[in-house]
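> Contents of query21.txt (compact mmCIF, C-alpha atoms) are given next:
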```txt
# COMPACT_ATOMS: atom_id res chain seq x y z
CA MET G 940 0.00 0.00 0.00
CA SER G 941 1.45 3.38 -1.03
CA ALA G 942 2.09 6.10 1.50
CA PRO G 943 -0.30 9.04 1.48
CA ALA G 944 0.84 12.08 -0.46
CA PRO G 945 2.35 14.75 1.77
CA SER G 946 0.11 17.69 2.43
CA PRO G 947 1.17 20.99 0.86
CA PRO G 948 2.94 23.44 3.14
CA ALA G 949 0.82 26.09 4.77
CA PRO G 950 0.85 29.44 2.95
CA GLY G 951 3.19 32.04 4.37
CA ARG G 952 1.96 35.28 5.86
CA LYS G 953 3.74 38.56 6.35
CA THR G 954 4.50 39.32 9.98
CA ARG G 955 3.19 42.71 11.06
CA LEU G 956 5.21 44.44 13.73
CA GLY G 957 3.45 46.38 16.43
CA LYS G 958 4.44 49.91 17.44
CA PRO G 959 6.78 48.81 20.28
CA ALA G 960 8.65 46.42 17.96
CA ARG G 961 8.97 49.11 15.26
CA LEU G 962 10.31 51.55 17.86
CA LEU G 963 12.89 49.01 19.03
CA ARG G 964 13.92 48.40 15.41
CA LEU G 965 14.38 52.16 14.90
CA ILE G 966 16.51 52.47 18.06
CA GLY G 967 18.57 49.49 16.94
CA ALA G 968 19.21 51.19 13.56
CA PHE G 969 20.52 54.31 15.30
CA LEU G 970 22.83 52.23 17.51
CA ASP G 971 24.14 49.94 14.76
CA PRO G 972 27.49 51.28 13.37
CA ARG G 973 26.90 49.32 10.16
CA ALA G 974 23.86 51.50 9.43
CA TRP G 975 25.99 54.64 9.79
CA ALA G 976 28.70 53.15 7.56
CA HIS G 977 26.10 52.31 4.91
CA GLY G 978 24.69 55.83 5.18
CA ALA G 979 28.17 57.21 4.49
CA LYS G 980 28.41 55.00 1.38
CA LEU G 981 25.07 56.32 0.12
CA LEU G 982 26.16 59.91 0.75
CA ASN G 983 29.38 59.27 -1.19
CA TYR G 984 27.41 57.68 -4.06
CA TYR G 985 24.99 60.59 -4.38
CA ASN G 986 27.87 63.06 -4.26
CA TYR G 987 29.87 61.49 -7.10
CA SER G 988 26.86 60.43 -9.21
CA HIS G 989 24.59 63.48 -8.78
CA VAL G 990 25.78 66.47 -6.73
CA ALA G 991 29.29 66.91 -8.19
CA PRO G 992 28.23 66.15 -11.82
CA LEU G 993 25.51 68.81 -11.75
CA ARG G 994 28.27 71.42 -11.44
CA ARG G 995 29.99 70.08 -14.59
CA LEU G 996 27.25 69.28 -17.08
CA GLU G 997 25.85 71.93 -19.40
CA ARG G 998 22.14 72.60 -18.90
CA GLY G 999 19.68 75.18 -20.08
CA PRO G 1000 17.34 77.15 -17.84
CA GLY G 1001 14.30 75.63 -16.20
CA CYS G 1002 15.49 72.01 -16.01
CA ALA G 1003 13.72 69.76 -13.48
CA ILE G 1004 16.13 67.02 -12.40
CA SER G 1005 15.13 64.34 -9.90
CA PRO G 1006 17.45 64.27 -6.86
CA ASN G 1007 18.25 60.60 -7.51
CA ALA G 1008 19.18 60.99 -11.19
CA ALA G 1009 22.75 59.83 -11.90
CA PHE G 1010 25.37 61.09 -14.35
CA SER G 1011 28.70 59.77 -15.61
CA ASN G 1012 31.26 61.91 -17.47
CA PRO G 1013 29.01 64.97 -17.22
CA GLU G 1014 31.40 67.19 -19.18
CA ARG G 1015 30.08 65.39 -22.29
CA ILE G 1016 26.37 65.83 -21.43
CA ARG G 1017 24.25 68.78 -22.56
CA LEU G 1018 20.65 69.30 -21.46
CA GLY G 1019 18.51 71.86 -23.27
CA ALA G 1020 16.10 74.23 -21.58
CA ARG G 1021 13.24 72.85 -19.49
CA VAL G 1022 14.37 69.21 -19.68
CA SER G 1023 12.61 67.04 -17.10
CA LEU G 1024 14.48 63.99 -15.77
CA GLY G 1025 12.28 61.60 -13.78
CA ALA G 1026 13.21 59.49 -10.77
CA ARG G 1027 16.30 57.28 -11.06
CA CYS G 1028 17.20 58.37 -14.61
CA THR G 1029 20.79 57.61 -15.61
CA LEU G 1030 22.85 59.44 -18.25
CA TRP G 1031 26.23 57.86 -19.02
CA ALA G 1032 28.41 59.73 -21.50
CA GLY G 1033 31.51 58.01 -22.86
CA HIS G 1034 34.83 57.95 -21.03
CA ALA G 1035 36.72 59.22 -24.09
CA HIS G 1036 34.44 61.05 -26.52
CA GLY G 1037 30.83 59.78 -26.57
CA ARG G 1038 28.44 62.70 -25.97
CA ILE G 1039 24.77 62.93 -24.93
CA GLU G 1040 22.90 65.89 -26.45
CA ILE G 1041 19.32 66.49 -25.29
CA GLY G 1042 17.14 69.21 -26.83
CA ASP G 1043 14.72 71.62 -25.18
CA ASP G 1044 11.53 70.45 -23.43
CA VAL G 1045 12.43 66.75 -23.42
CA LEU G 1046 10.53 64.65 -20.87
CA PHE G 1047 12.03 61.52 -19.27
CA GLY G 1048 9.86 59.11 -17.31
CA PRO G 1049 11.36 57.22 -14.35
CA ASP G 1050 14.26 54.78 -14.74
CA VAL G 1051 15.35 55.91 -18.20
CA LEU G 1052 18.94 54.94 -19.15
CA VAL G 1053 20.82 56.83 -21.86
CA THR G 1054 24.36 55.60 -22.55
CA ALA G 1055 26.94 56.71 -25.10
CA ALA G 1056 29.32 53.83 -24.32
CA ASN G 1057 29.09 50.06 -24.16
CA TYR G 1058 31.63 47.35 -23.31
CA ARG G 1059 33.01 45.26 -26.15
CA PHE G 1060 32.59 41.50 -25.72
CA ASP G 1061 34.94 39.82 -28.22
CA ASP G 1062 38.25 40.97 -26.73
CA GLY G 1063 38.64 38.35 -24.01
CA HIS G 1064 37.75 38.17 -20.35
CA PRO G 1065 36.59 39.67 -18.08
CA VAL G 1066 34.13 41.97 -19.87
CA THR G 1067 34.91 44.85 -17.50
CA ALA G 1068 38.57 44.80 -18.59
CA GLN G 1069 37.69 45.35 -22.26
CA ALA G 1070 37.60 48.63 -24.13
CA MET G 1071 34.30 50.41 -24.72
CA ASP G 1072 32.72 51.38 -28.02
CA GLU G 1073 31.41 54.95 -27.90
CA ALA G 1074 29.00 56.88 -30.11
CA ASP G 1075 27.11 60.13 -29.60
CA VAL G 1076 23.44 60.08 -28.61
CA THR G 1077 21.10 62.87 -29.67
CA ILE G 1078 17.52 63.40 -28.51
CA GLY G 1079 15.57 66.14 -30.27
CA ALA G 1080 13.44 68.82 -28.66
CA ASP G 1081 10.02 67.92 -27.23
CA ALA G 1082 10.67 64.18 -27.25
CA TRP G 1083 9.07 62.04 -24.54
CA LEU G 1084 10.75 58.87 -23.24
CA GLY G 1085 8.48 56.65 -21.15
CA ALA G 1086 9.42 54.71 -18.04
CA LYS G 1087 12.39 52.31 -18.26
CA VAL G 1088 13.40 53.26 -21.80
CA THR G 1089 17.00 52.36 -22.70
CA VAL G 1090 18.81 54.46 -25.31
CA LEU G 1091 21.98 52.82 -26.70
CA PRO G 1092 25.15 54.41 -28.09
CA GLY G 1093 24.69 56.06 -31.48
CA ALA G 1094 20.91 56.41 -31.17
CA ARG G 1095 19.24 59.47 -32.67
CA ILE G 1096 15.71 60.34 -31.57
CA GLY G 1097 14.03 63.03 -33.65
CA ALA G 1098 12.24 66.09 -32.30
CA GLY G 1099 8.76 65.43 -30.96
CA ALA G 1100 9.15 61.64 -30.94
CA ILE G 1101 7.52 59.48 -28.26
CA ILE G 1102 9.26 56.32 -27.04
CA GLY G 1103 6.97 53.87 -25.24
CA ALA G 1104 7.75 52.46 -21.81
CA GLY G 1105 10.37 49.71 -21.71
CA ALA G 1106 11.60 50.25 -25.28
CA VAL G 1107 15.25 49.84 -26.28
CA VAL G 1108 16.35 52.45 -28.82
CA ARG G 1109 19.22 51.88 -31.22
CA GLY G 1110 19.69 53.59 -34.56
CA GLU G 1111 17.36 56.38 -35.64
CA ILE G 1112 13.79 57.23 -34.66
CA PRO G 1113 12.32 59.91 -36.97
CA ALA G 1114 10.89 63.18 -35.73
CA MET G 1115 7.27 62.98 -34.46
CA ALA G 1116 7.32 59.15 -34.56
CA ILE G 1117 5.80 56.92 -31.89
CA ALA G 1118 8.09 53.94 -31.24
CA VAL G 1119 7.77 50.92 -28.96
CA GLY G 1120 9.40 47.53 -28.43
CA LEU G 1121 12.72 45.69 -28.25
CA PRO G 1122 14.30 47.08 -30.34
CA ALA G 1123 12.10 50.14 -30.69
CA ARG G 1124 10.17 50.28 -33.95
CA VAL G 1125 7.87 52.98 -35.28
CA VAL G 1126 4.18 52.13 -34.82
CA GLY G 1127 2.57 55.51 -35.35
CA ARG G 1128 3.00 59.20 -35.71
CA ARG G 1129 2.37 62.05 -33.32
CA GLU G 1130 0.10 64.59 -34.95
CA THR G 1131 0.63 68.30 -34.32
CA PRO G 1132 -2.67 69.96 -33.40
CA GLY G 1133 -3.75 72.74 -35.75
CA PRO G 1134 -4.48 76.27 -34.62
CA ALA G 1135 -7.44 76.67 -32.28
CA ASP G 1136 -10.77 77.52 -33.88
CA PRO G 1137 -11.46 81.22 -33.23
CA GLY G 1138 -15.06 80.32 -32.47
CA GLU G 1139 -14.08 78.12 -29.51
```
Transcribe the structure of this file into structure tokens.


Amino acid sequence: MSAPAPSPPAPGRKTRLGKPARLLRLIGAFLDPRAWAHGAKLLNYYNYSHVAPLRRLERGPGCAISPNAAFSNPERIRLGARVSLGARCTLWAGHAHGRIEIGDDVLFGPDVLVTAANYRFDDGHPVTAQAMDEADVTIGADAWLGAKVTVLPGARIGAGAIIGAGAVVRGEIPAMAIAVGLPARVVGRRETPGPADPGE
């Protein structure tokens, strides 16, 4: 006679801490030197990835830059006027010559990555010891990049284009195009509204 099948494990439930336990956890965080050391690491990261680069990149008036946006090689990054960079956006210019040029009134959703450099992969191991291929990236005025868009070296996005969330852009996206996908492909066109009817 076969043994009965084991019963499935009971479903897990999240433990909810009461106020006294949360208070003790907070006190423990203040007393733990590892928390202070980690805080110092975060402060250092935000200084070299955000605070110091803002003094070196070229930007037009009226830019709105999220406090957790990150920049690399900012001397090769130019932001036009009124550019809006959402939360956790990352702009990586090349180490040698790759530039990022962004026109006026460009809107970035959260978590957008624009890079003008990429590691080679056929030169041996490890990847991080290899040279990088660099190519300029240009994004025209009034473009809109949705959340989690990735723009690769050499990409050119035309003025007024819209790039859908999660797309990966390589090559050229024409002006006023709507592009989505991996890699991004044009699926429509943004229409410019005509002048308002005087009777409205």

> Please provide as a list in words all residues within 6 Å of region 1095-1110 of chain G, with the sequence filter that same-chain residues fewer than 4 positions apart are discarded (counting only C-alpha atoms).

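In the requested form, the answer reads Val1076, Thr1077, Ile1078, Gly1079, Ala1080, Asp1081, Ala1082, Trp1083, Leu1084, Gly1085, Ala1086, Lys1087, Val1088, Thr1089, Val1090, Leu1091, Ala1114, Met1115, Ala1116, Ile1117, Ala1118, Val1119, Gly1120, Leu1121, Pro1122 and Ala1123 of chain G.
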
> Convert the current residue selection to file output with C-alpha atoms, as a PDB file, keeping the file's coordinate frame.


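Done, and the output landed in part.pdb:
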```pdb
ATOM      1  CA  VAL G1076      23.440  60.080 -28.610  1.00  0.00           C
ATOM      2  CA  THR G1077      21.100  62.870 -29.670  1.00  0.00           C
ATOM      3  CA  ILE G1078      17.520  63.400 -28.510  1.00  0.00           C
ATOM      4  CA  GLY G1079      15.570  66.140 -30.270  1.00  0.00           C
ATOM      5  CA  ALA G1080      13.440  68.820 -28.660  1.00  0.00           C
ATOM      6  CA  ASP G1081      10.020  67.920 -27.230  1.00  0.00           C
ATOM      7  CA  ALA G1082      10.670  64.180 -27.250  1.00  0.00           C
ATOM      8  CA  TRP G1083       9.070  62.040 -24.540  1.00  0.00           C
ATOM      9  CA  LEU G1084      10.750  58.870 -23.240  1.00  0.00           C
ATOM     10  CA  GLY G1085       8.480  56.650 -21.150  1.00  0.00           C
ATOM     11  CA  ALA G1086       9.420  54.710 -18.040  1.00  0.00           C
ATOM     12  CA  LYS G1087      12.390  52.310 -18.260  1.00  0.00           C
ATOM     13  CA  VAL G1088      13.400  53.260 -21.800  1.00  0.00           C
ATOM     14  CA  THR G1089      17.000  52.360 -22.700  1.00  0.00           C
ATOM     15  CA  VAL G1090      18.810  54.460 -25.310  1.00  0.00           C
ATOM     16  CA  LEU G1091      21.980  52.820 -26.700  1.00  0.00           C
ATOM     17  CA  ALA G1114      10.890  63.180 -35.730  1.00  0.00           C
ATOM     18  CA  MET G1115       7.270  62.980 -34.460  1.00  0.00           C
ATOM     19  CA  ALA G1116       7.320  59.150 -34.560  1.00  0.00           C
ATOM     20  CA  ILE G1117       5.800  56.920 -31.890  1.00  0.00           C
ATOM     21  CA  ALA G1118       8.090  53.940 -31.240  1.00  0.00           C
ATOM     22  CA  VAL G1119       7.770  50.920 -28.960  1.00  0.00           C
ATOM     23  CA  GLY G1120       9.400  47.530 -28.430  1.00  0.00           C
ATOM     24  CA  LEU G1121      12.720  45.690 -28.250  1.00  0.00           C
ATOM     25  CA  PRO G1122      14.300  47.080 -30.340  1.00  0.00           C
ATOM     26  CA  ALA G1123      12.100  50.140 -30.690  1.00  0.00           C
TER      27      ALA G1123
END
```

> What is the CA of Leu1030 (chain G) to CA of Ala1009 (chain G) distance in Å?

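Answer for the CA of Leu1030 (chain G) to CA of Ala1009 (chain G) separation: 6.4 Å.
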
> Which residues of region 1013-1108 of chain G come within 12 Å of region 985-998 of chain G, and for each one, what is the closest pair of atoms and their distance in Å to one decimal, counting all atoms listed in the file, sorted by chain and residue number, as a Markdown table?


```
| residue | atom | partner | partner_atom | distance |
| --- | --- | --- | --- | --- |
| G:Pro1013 | CA | G:Leu996 | CA | 4.7 |
| G:Glu1014 | CA | G:Leu996 | CA | 5.1 |
| G:Arg1015 | CA | G:Leu996 | CA | 7.1 |
| G:Ile1016 | CA | G:Leu996 | CA | 5.6 |
| G:Arg1017 | CA | G:Glu997 | CA | 4.7 |
| G:Leu1018 | CA | G:Arg998 | CA | 4.4 |
| G:Gly1019 | CA | G:Arg998 | CA | 5.7 |
| G:Ala1020 | CA | G:Arg998 | CA | 6.8 |
| G:Arg1021 | CA | G:Arg998 | CA | 8.9 |
| G:Val1022 | CA | G:Arg998 | CA | 8.5 |
| G:Ser1023 | CA | G:Arg998 | CA | 11.2 |
| G:Leu1024 | CA | G:Arg998 | CA | 11.9 |
| G:Arg1027 | CA | G:His989 | CA | 10.6 |
| G:Cys1028 | CA | G:His989 | CA | 10.7 |
| G:Thr1029 | CA | G:Ser988 | CA | 9.3 |
| G:Leu1030 | CA | G:Ser988 | CA | 9.9 |
| G:Trp1031 | CA | G:Ser988 | CA | 10.2 |
| G:Ala1032 | CA | G:Leu996 | CA | 10.6 |
| G:Arg1038 | CA | G:Leu996 | CA | 11.1 |
| G:Ile1039 | CA | G:Leu996 | CA | 10.4 |
| G:Glu1040 | CA | G:Glu997 | CA | 9.7 |
| G:Ile1041 | CA | G:Arg998 | CA | 9.3 |
| G:Gly1042 | CA | G:Arg998 | CA | 10.0 |
| G:Asp1043 | CA | G:Arg998 | CA | 9.8 |
| G:Asp1044 | CA | G:Arg998 | CA | 11.7 |
```

> Starting from 8 Å padding per side, set up an axis-aligned box that covers all listed atoms of region 994-1013 of chain G and hand over centre and edge lengths in Å, one decimal, as JSON.


```
{"center_x": 22.5, "center_y": 68.5, "center_z": -13.5, "size_x": 33.5, "size_y": 33.4, "size_z": 29.2}
```

> Work out how far CA of Phe1010 (chain G) is from CA of Met1071 (chain G), in Å to one decimal.

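Between CA of Met1071 (chain G) and CA of Phe1010 (chain G) the gap is 17.4 Å.
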
> Identify which of the residues G:Val1125, G:Cys1002, G:Ala979, G:Leu963 lies closest to Gly1025 (chain G), counting all atoms listed in the file when measuring atom-to-atom distances.

G:Cys1002

> Closest to Tyr1058 (chain G) among G:Leu970, G:Ala1070, G:Val1126, G:Ile1112, using only C-alpha atoms?

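Counting only C-alpha atoms, the residue closest to Tyr1058 (chain G) is G:Ala1070.
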
> Please compute the CA of Glu1111 (chain G)-CA of Ala1074 (chain G) distance, one decimal, in Å.

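Taking CA of Glu1111 (chain G) and CA of Ala1074 (chain G), their separation equals 12.9 Å.
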
> Taking only C-alpha atoms into account, name the residue in G:Ala1056, G:Ala974, G:Val1066, G:Leu982 that is nearest to Ser1011 (chain G).

G:Ala1056

> Could you tell me which of G:Pro1092, G:Gly1037, G:Pro950, G:Pro1065 comes closest to Leu1052 (chain G) if we count only C-alpha atoms?

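Looking at the shortest contact to Leu1052 (chain G), the residue is G:Pro1092.
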